[in-house]
Amino acid sequence: MDPKARLIARHHLGDRLHWIGRGGPHADLWIVQAWPDRGHMLSAQGATVDEAAADCAAQLRAAGWVPSHARLEWERFKGTSSYGLFLRLDGYKRQLLGVVQHHGSEWGVYDEEEETWTYAPFADLQTAIGWWHAATLPSLHLPPFPTDGK
């Protein structure tokens, strides 16, 4: 099994993840299976692992499941073009990074620990966030930066 695919699926499903693999008529789809609290196993498929796992997690949530596993999530601050990267774990929520659009093509990242802002073009900041993630939290999947509002 592809470790990256498993990391992405666990990001959405935590310990509810049962199986992940390729399937479909041409083996071009990702299939994700998860256990609900009660009942039969849930299954979803999609063009990407992220899509299939997100669909499976939505089915679990509809059945009353509340995620408690460690995960990273981007969250937009209401009424702004700013986002925060949060660590969530069993009801605990901590902002790790703040990202804000600044003067058109420039974006800024606020490092909570260093209490500093770094400004650069968005592609450069994506690279820097990837390096930061690899150095600090490589066991958790870094979800893609939201594309709305850019």
# chains A, B, ... in the order shown; residues from 1 in each chain; ligands from 1
call {"tool": "residues_around", "arguments": {"residues": "Ala9 (chain A)", "least_positions_apart": "5", "cutoff": "12 Å", "atoms": "only C-alpha atoms", "output": "ChimeraX atom specification"}}
result
/A:1-4,14-21,30-34,44-46,48-57,71,140-143
call {"tool": "closest_residue", "arguments": {"among": "A:Thr116, A:Arg22, A:Ile129, A:Ser68", "to": "Ala5 (chain A)", "atoms": "only C-alpha atoms"}}
result
A:Arg22
call {"tool": "atom_distance", "arguments": {"atom1": "CA of Gln95 (chain A)", "atom2": "CA of Pro36 (chain A)"}}
result
29.0 Å
call {"tool": "closest_residue", "arguments": {"among": "A:Leu125, A:Ala63, A:Leu137, A:Ile8", "to": "Leu96 (chain A)", "atoms": "only C-alpha atoms"}}
result
A:Leu137
call {"tool": "closest_residue", "arguments": {"among": "A:Phe122, A:Leu89, A:Ser43, A:Ser81", "to": "Ser105 (chain A)", "atoms": "only C-alpha atoms"}}
result
A:Phe122
call {"tool": "select_by_dssp", "arguments": {"residues": "region 47-130 of chain A", "states": "alpha helix (DSSP H)", "output": "list in words"}}
result
Val49, Asp50, Glu51, Ala52, Ala53, Ala54, Asp55, Cys56, Ala57, Ala58, Gln59, Leu60, Arg61, Ala62, Phe122, Ala123, Asp124, Leu125, Gln126, Thr127, Ala128, Ile129 and Gly130 of chain A
call {"tool": "write_last_selection", "arguments": {"atoms": "C-alpha atoms", "output": "PDB file, in the first residue's frame"}}
result
ATOM      1  CA  VAL A  49      -7.510   9.486  -2.305  1.00  0.00           C
ATOM      2  CA  ASP A  50      -8.463  12.830  -0.792  1.00  0.00           C
ATOM      3  CA  GLU A  51     -11.801  12.865  -2.640  1.00  0.00           C
ATOM      4  CA  ALA A  52     -12.715   9.272  -1.727  1.00  0.00           C
ATOM      5  CA  ALA A  53     -11.659   9.620   1.921  1.00  0.00           C
ATOM      6  CA  ALA A  54     -13.505  12.939   2.308  1.00  0.00           C
ATOM      7  CA  ASP A  55     -16.679  11.312   0.924  1.00  0.00           C
ATOM      8  CA  CYS A  56     -16.291   8.381   3.316  1.00  0.00           C
ATOM      9  CA  ALA A  57     -15.765  10.788   6.251  1.00  0.00           C
ATOM     10  CA  ALA A  58     -18.906  12.714   5.232  1.00  0.00           C
ATOM     11  CA  GLN A  59     -20.885   9.459   5.366  1.00  0.00           C
ATOM     12  CA  LEU A  60     -19.482   8.746   8.838  1.00  0.00           C
ATOM     13  CA  ARG A  61     -20.351  12.258  10.043  1.00  0.00           C
ATOM     14  CA  ALA A  62     -23.892  11.872   8.673  1.00  0.00           C
ATOM     15  CA  PHE A 122       2.168  32.366  -3.004  1.00  0.00           C
ATOM     16  CA  ALA A 123       4.182  29.603  -4.734  1.00  0.00           C
ATOM     17  CA  ASP A 124       7.198  30.390  -2.548  1.00  0.00           C
ATOM     18  CA  LEU A 125       5.061  30.316   0.594  1.00  0.00           C
ATOM     19  CA  GLN A 126       3.580  26.957  -0.391  1.00  0.00           C
ATOM     20  CA  THR A 127       7.113  25.594  -0.651  1.00  0.00           C
ATOM     21  CA  ALA A 128       8.084  27.088   2.720  1.00  0.00           C
ATOM     22  CA  ILE A 129       4.947  25.677   4.384  1.00  0.00           C
ATOM     23  CA  GLY A 130       5.781  22.261   2.911  1.00  0.00           C
TER      24      GLY A 130
END
call {"tool": "closest_residue", "arguments": {"among": "A:Lys93, A:Arg38, A:His26, A:Gly84", "to": "Glu112 (chain A)", "atoms": "only C-alpha atoms"}}
result
A:Gly84
call {"tool": "closest_residue", "arguments": {"among": "A:Ala47, A:Leu97, A:Leu29, A:Met41", "to": "Glu73 (chain A)", "atoms": "only C-alpha atoms"}}
result
A:Leu97
call {"tool": "select_by_dssp", "arguments": {"residues": "region 63-125 of chain A", "states": "strand (DSSP E)", "output": "PyMOL selection string"}}
result
chain A and resi 71-76+82-89+92-102+106-111+116-121
call {"tool": "closest_residue", "arguments": {"among": "A:Pro25, A:Pro138, A:Gly98, A:Gly91", "to": "Thr118 (chain A)", "atoms": "only C-alpha atoms"}}
result
A:Gly98
call {"tool": "decode", "arguments": {"residues": "region 80-120 of chain A", "atoms": "N, CA and C atoms", "output": "PDB file, in the first residue's frame"}}
result
ATOM      1  N   THR A  80     -12.605  37.473   5.957  1.00  0.00           N
ATOM      2  CA  THR A  80     -11.252  37.891   5.586  1.00  0.00           C
ATOM      3  C   THR A  80     -10.727  37.015   4.460  1.00  0.00           C
ATOM      4  N   SER A  81      -9.547  37.362   3.971  1.00  0.00           N
ATOM      5  CA  SER A  81      -8.847  36.493   3.016  1.00  0.00           C
ATOM      6  C   SER A  81      -7.735  35.742   3.742  1.00  0.00           C
ATOM      7  N   SER A  82      -7.844  35.638   5.049  1.00  0.00           N
ATOM      8  CA  SER A  82      -6.838  34.973   5.872  1.00  0.00           C
ATOM      9  C   SER A  82      -7.275  33.565   6.237  1.00  0.00           C
ATOM     10  N   TYR A  83      -6.277  32.702   6.419  1.00  0.00           N
ATOM     11  CA  TYR A  83      -6.517  31.322   6.796  1.00  0.00           C
ATOM     12  C   TYR A  83      -5.616  30.967   7.958  1.00  0.00           C
ATOM     13  N   GLY A  84      -6.023  29.975   8.710  1.00  0.00           N
ATOM     14  CA  GLY A  84      -5.163  29.424   9.742  1.00  0.00           C
ATOM     15  C   GLY A  84      -4.999  27.933   9.502  1.00  0.00           C
ATOM     16  N   LEU A  85      -3.830  27.429   9.817  1.00  0.00           N
ATOM     17  CA  LEU A  85      -3.604  25.993   9.807  1.00  0.00           C
ATOM     18  C   LEU A  85      -3.704  25.547  11.261  1.00  0.00           C
ATOM     19  N   PHE A  86      -4.654  24.659  11.533  1.00  0.00           N
ATOM     20  CA  PHE A  86      -4.931  24.235  12.892  1.00  0.00           C
ATOM     21  C   PHE A  86      -4.612  22.759  13.084  1.00  0.00           C
ATOM     22  N   LEU A  87      -4.127  22.447  14.258  1.00  0.00           N
ATOM     23  CA  LEU A  87      -3.985  21.067  14.703  1.00  0.00           C
ATOM     24  C   LEU A  87      -5.222  20.765  15.523  1.00  0.00           C
ATOM     25  N   ARG A  88      -5.924  19.700  15.157  1.00  0.00           N
ATOM     26  CA  ARG A  88      -7.120  19.281  15.904  1.00  0.00           C
ATOM     27  C   ARG A  88      -6.889  17.876  16.445  1.00  0.00           C
ATOM     28  N   LEU A  89      -7.296  17.682  17.683  1.00  0.00           N
ATOM     29  CA  LEU A  89      -7.160  16.383  18.332  1.00  0.00           C
ATOM     30  C   LEU A  89      -8.167  16.282  19.452  1.00  0.00           C
ATOM     31  N   ASP A  90      -9.169  15.417  19.281  1.00  0.00           N
ATOM     32  CA  ASP A  90     -10.135  15.121  20.335  1.00  0.00           C
ATOM     33  C   ASP A  90     -10.682  16.371  21.013  1.00  0.00           C
ATOM     34  N   GLY A  91     -11.175  17.313  20.209  1.00  0.00           N
ATOM     35  CA  GLY A  91     -11.754  18.538  20.738  1.00  0.00           C
ATOM     36  C   GLY A  91     -10.747  19.659  20.963  1.00  0.00           C
ATOM     37  N   TYR A  92      -9.466  19.351  20.934  1.00  0.00           N
ATOM     38  CA  TYR A  92      -8.413  20.350  21.093  1.00  0.00           C
ATOM     39  C   TYR A  92      -8.155  20.992  19.737  1.00  0.00           C
ATOM     40  N   LYS A  93      -7.970  22.313  19.729  1.00  0.00           N
ATOM     41  CA  LYS A  93      -7.718  23.033  18.483  1.00  0.00           C
ATOM     42  C   LYS A  93      -6.640  24.079  18.760  1.00  0.00           C
ATOM     43  N   ARG A  94      -5.546  24.023  17.986  1.00  0.00           N
ATOM     44  CA  ARG A  94      -4.471  24.996  18.152  1.00  0.00           C
ATOM     45  C   ARG A  94      -4.035  25.502  16.789  1.00  0.00           C
ATOM     46  N   GLN A  95      -3.978  26.829  16.658  1.00  0.00           N
ATOM     47  CA  GLN A  95      -3.504  27.415  15.414  1.00  0.00           C
ATOM     48  C   GLN A  95      -1.993  27.295  15.362  1.00  0.00           C
ATOM     49  N   LEU A  96      -1.490  26.767  14.241  1.00  0.00           N
ATOM     50  CA  LEU A  96      -0.052  26.608  14.051  1.00  0.00           C
ATOM     51  C   LEU A  96       0.526  27.684  13.143  1.00  0.00           C
ATOM     52  N   LEU A  97      -0.207  28.030  12.094  1.00  0.00           N
ATOM     53  CA  LEU A  97       0.229  29.049  11.140  1.00  0.00           C
ATOM     54  C   LEU A  97      -0.948  29.939  10.788  1.00  0.00           C
ATOM     55  N   GLY A  98      -0.661  31.192  10.504  1.00  0.00           N
ATOM     56  CA  GLY A  98      -1.642  32.108   9.944  1.00  0.00           C
ATOM     57  C   GLY A  98      -1.150  32.517   8.570  1.00  0.00           C
ATOM     58  N   VAL A  99      -2.045  32.513   7.570  1.00  0.00           N
ATOM     59  CA  VAL A  99      -1.674  32.883   6.206  1.00  0.00           C
ATOM     60  C   VAL A  99      -2.668  33.935   5.737  1.00  0.00           C
ATOM     61  N   VAL A 100      -2.145  35.037   5.206  1.00  0.00           N
ATOM     62  CA  VAL A 100      -3.008  36.135   4.787  1.00  0.00           C
ATOM     63  C   VAL A 100      -2.551  36.673   3.433  1.00  0.00           C
ATOM     64  N   GLN A 101      -3.533  37.011   2.591  1.00  0.00           N
ATOM     65  CA  GLN A 101      -3.198  37.649   1.320  1.00  0.00           C
ATOM     66  C   GLN A 101      -2.838  39.098   1.621  1.00  0.00           C
ATOM     67  N   HIS A 102      -1.749  39.572   1.032  1.00  0.00           N
ATOM     68  CA  HIS A 102      -1.224  40.888   1.356  1.00  0.00           C
ATOM     69  C   HIS A 102      -0.854  41.603   0.067  1.00  0.00           C
ATOM     70  N   HIS A 103      -1.549  42.655  -0.273  1.00  0.00           N
ATOM     71  CA  HIS A 103      -1.238  43.461  -1.459  1.00  0.00           C
ATOM     72  C   HIS A 103      -1.196  42.639  -2.746  1.00  0.00           C
ATOM     73  N   GLY A 104      -2.302  41.989  -3.076  1.00  0.00           N
ATOM     74  CA  GLY A 104      -2.425  41.288  -4.351  1.00  0.00           C
ATOM     75  C   GLY A 104      -1.699  39.961  -4.422  1.00  0.00           C
ATOM     76  N   SER A 105      -0.526  39.936  -5.037  1.00  0.00           N
ATOM     77  CA  SER A 105       0.164  38.669  -5.264  1.00  0.00           C
ATOM     78  C   SER A 105       1.042  38.240  -4.093  1.00  0.00           C
ATOM     79  N   GLU A 106       1.256  39.123  -3.137  1.00  0.00           N
ATOM     80  CA  GLU A 106       2.068  38.775  -1.964  1.00  0.00           C
ATOM     81  C   GLU A 106       1.185  38.127  -0.904  1.00  0.00           C
ATOM     82  N   TRP A 107       1.740  37.105  -0.274  1.00  0.00           N
ATOM     83  CA  TRP A 107       1.057  36.440   0.824  1.00  0.00           C
ATOM     84  C   TRP A 107       1.982  36.446   2.024  1.00  0.00           C
ATOM     85  N   GLY A 108       1.403  36.442   3.199  1.00  0.00           N
ATOM     86  CA  GLY A 108       2.212  36.414   4.409  1.00  0.00           C
ATOM     87  C   GLY A 108       1.893  35.195   5.240  1.00  0.00           C
ATOM     88  N   VAL A 109       2.905  34.667   5.907  1.00  0.00           N
ATOM     89  CA  VAL A 109       2.723  33.555   6.841  1.00  0.00           C
ATOM     90  C   VAL A 109       3.189  34.028   8.203  1.00  0.00           C
ATOM     91  N   TYR A 110       2.341  33.837   9.203  1.00  0.00           N
ATOM     92  CA  TYR A 110       2.699  34.193  10.571  1.00  0.00           C
ATOM     93  C   TYR A 110       3.066  32.928  11.320  1.00  0.00           C
ATOM     94  N   ASP A 111       4.253  32.907  11.877  1.00  0.00           N
ATOM     95  CA  ASP A 111       4.738  31.777  12.668  1.00  0.00           C
ATOM     96  C   ASP A 111       4.460  32.093  14.134  1.00  0.00           C
ATOM     97  N   GLU A 112       3.534  31.334  14.734  1.00  0.00           N
ATOM     98  CA  GLU A 112       3.136  31.559  16.128  1.00  0.00           C
ATOM     99  C   GLU A 112       4.314  31.448  17.087  1.00  0.00           C
ATOM    100  N   GLU A 113       5.175  30.468  16.873  1.00  0.00           N
ATOM    101  CA  GLU A 113       6.280  30.241  17.801  1.00  0.00           C
ATOM    102  C   GLU A 113       7.345  31.322  17.689  1.00  0.00           C
ATOM    103  N   GLU A 114       7.662  31.722  16.463  1.00  0.00           N
ATOM    104  CA  GLU A 114       8.691  32.749  16.248  1.00  0.00           C
ATOM    105  C   GLU A 114       8.128  34.168  16.374  1.00  0.00           C
ATOM    106  N   GLU A 115       6.794  34.294  16.300  1.00  0.00           N
ATOM    107  CA  GLU A 115       6.097  35.579  16.332  1.00  0.00           C
ATOM    108  C   GLU A 115       6.622  36.517  15.241  1.00  0.00           C
ATOM    109  N   THR A 116       6.753  35.961  14.029  1.00  0.00           N
ATOM    110  CA  THR A 116       7.239  36.739  12.895  1.00  0.00           C
ATOM    111  C   THR A 116       6.372  36.503  11.665  1.00  0.00           C
ATOM    112  N   TRP A 117       6.344  37.491  10.773  1.00  0.00           N
ATOM    113  CA  TRP A 117       5.678  37.391   9.487  1.00  0.00           C
ATOM    114  C   TRP A 117       6.719  37.230   8.387  1.00  0.00           C
ATOM    115  N   THR A 118       6.402  36.407   7.390  1.00  0.00           N
ATOM    116  CA  THR A 118       7.225  36.258   6.197  1.00  0.00           C
ATOM    117  C   THR A 118       6.327  36.520   4.999  1.00  0.00           C
ATOM    118  N   TYR A 119       6.755  37.410   4.091  1.00  0.00           N
ATOM    119  CA  TYR A 119       5.974  37.745   2.905  1.00  0.00           C
ATOM    120  C   TYR A 119       6.699  37.270   1.651  1.00  0.00           C
ATOM    121  N   ALA A 120       5.930  36.710   0.717  1.00  0.00           N
ATOM    122  CA  ALA A 120       6.511  36.203  -0.521  1.00  0.00           C
ATOM    123  C   ALA A 120       5.379  35.878  -1.491  1.00  0.00           C
TER     124      ALA A 120
END
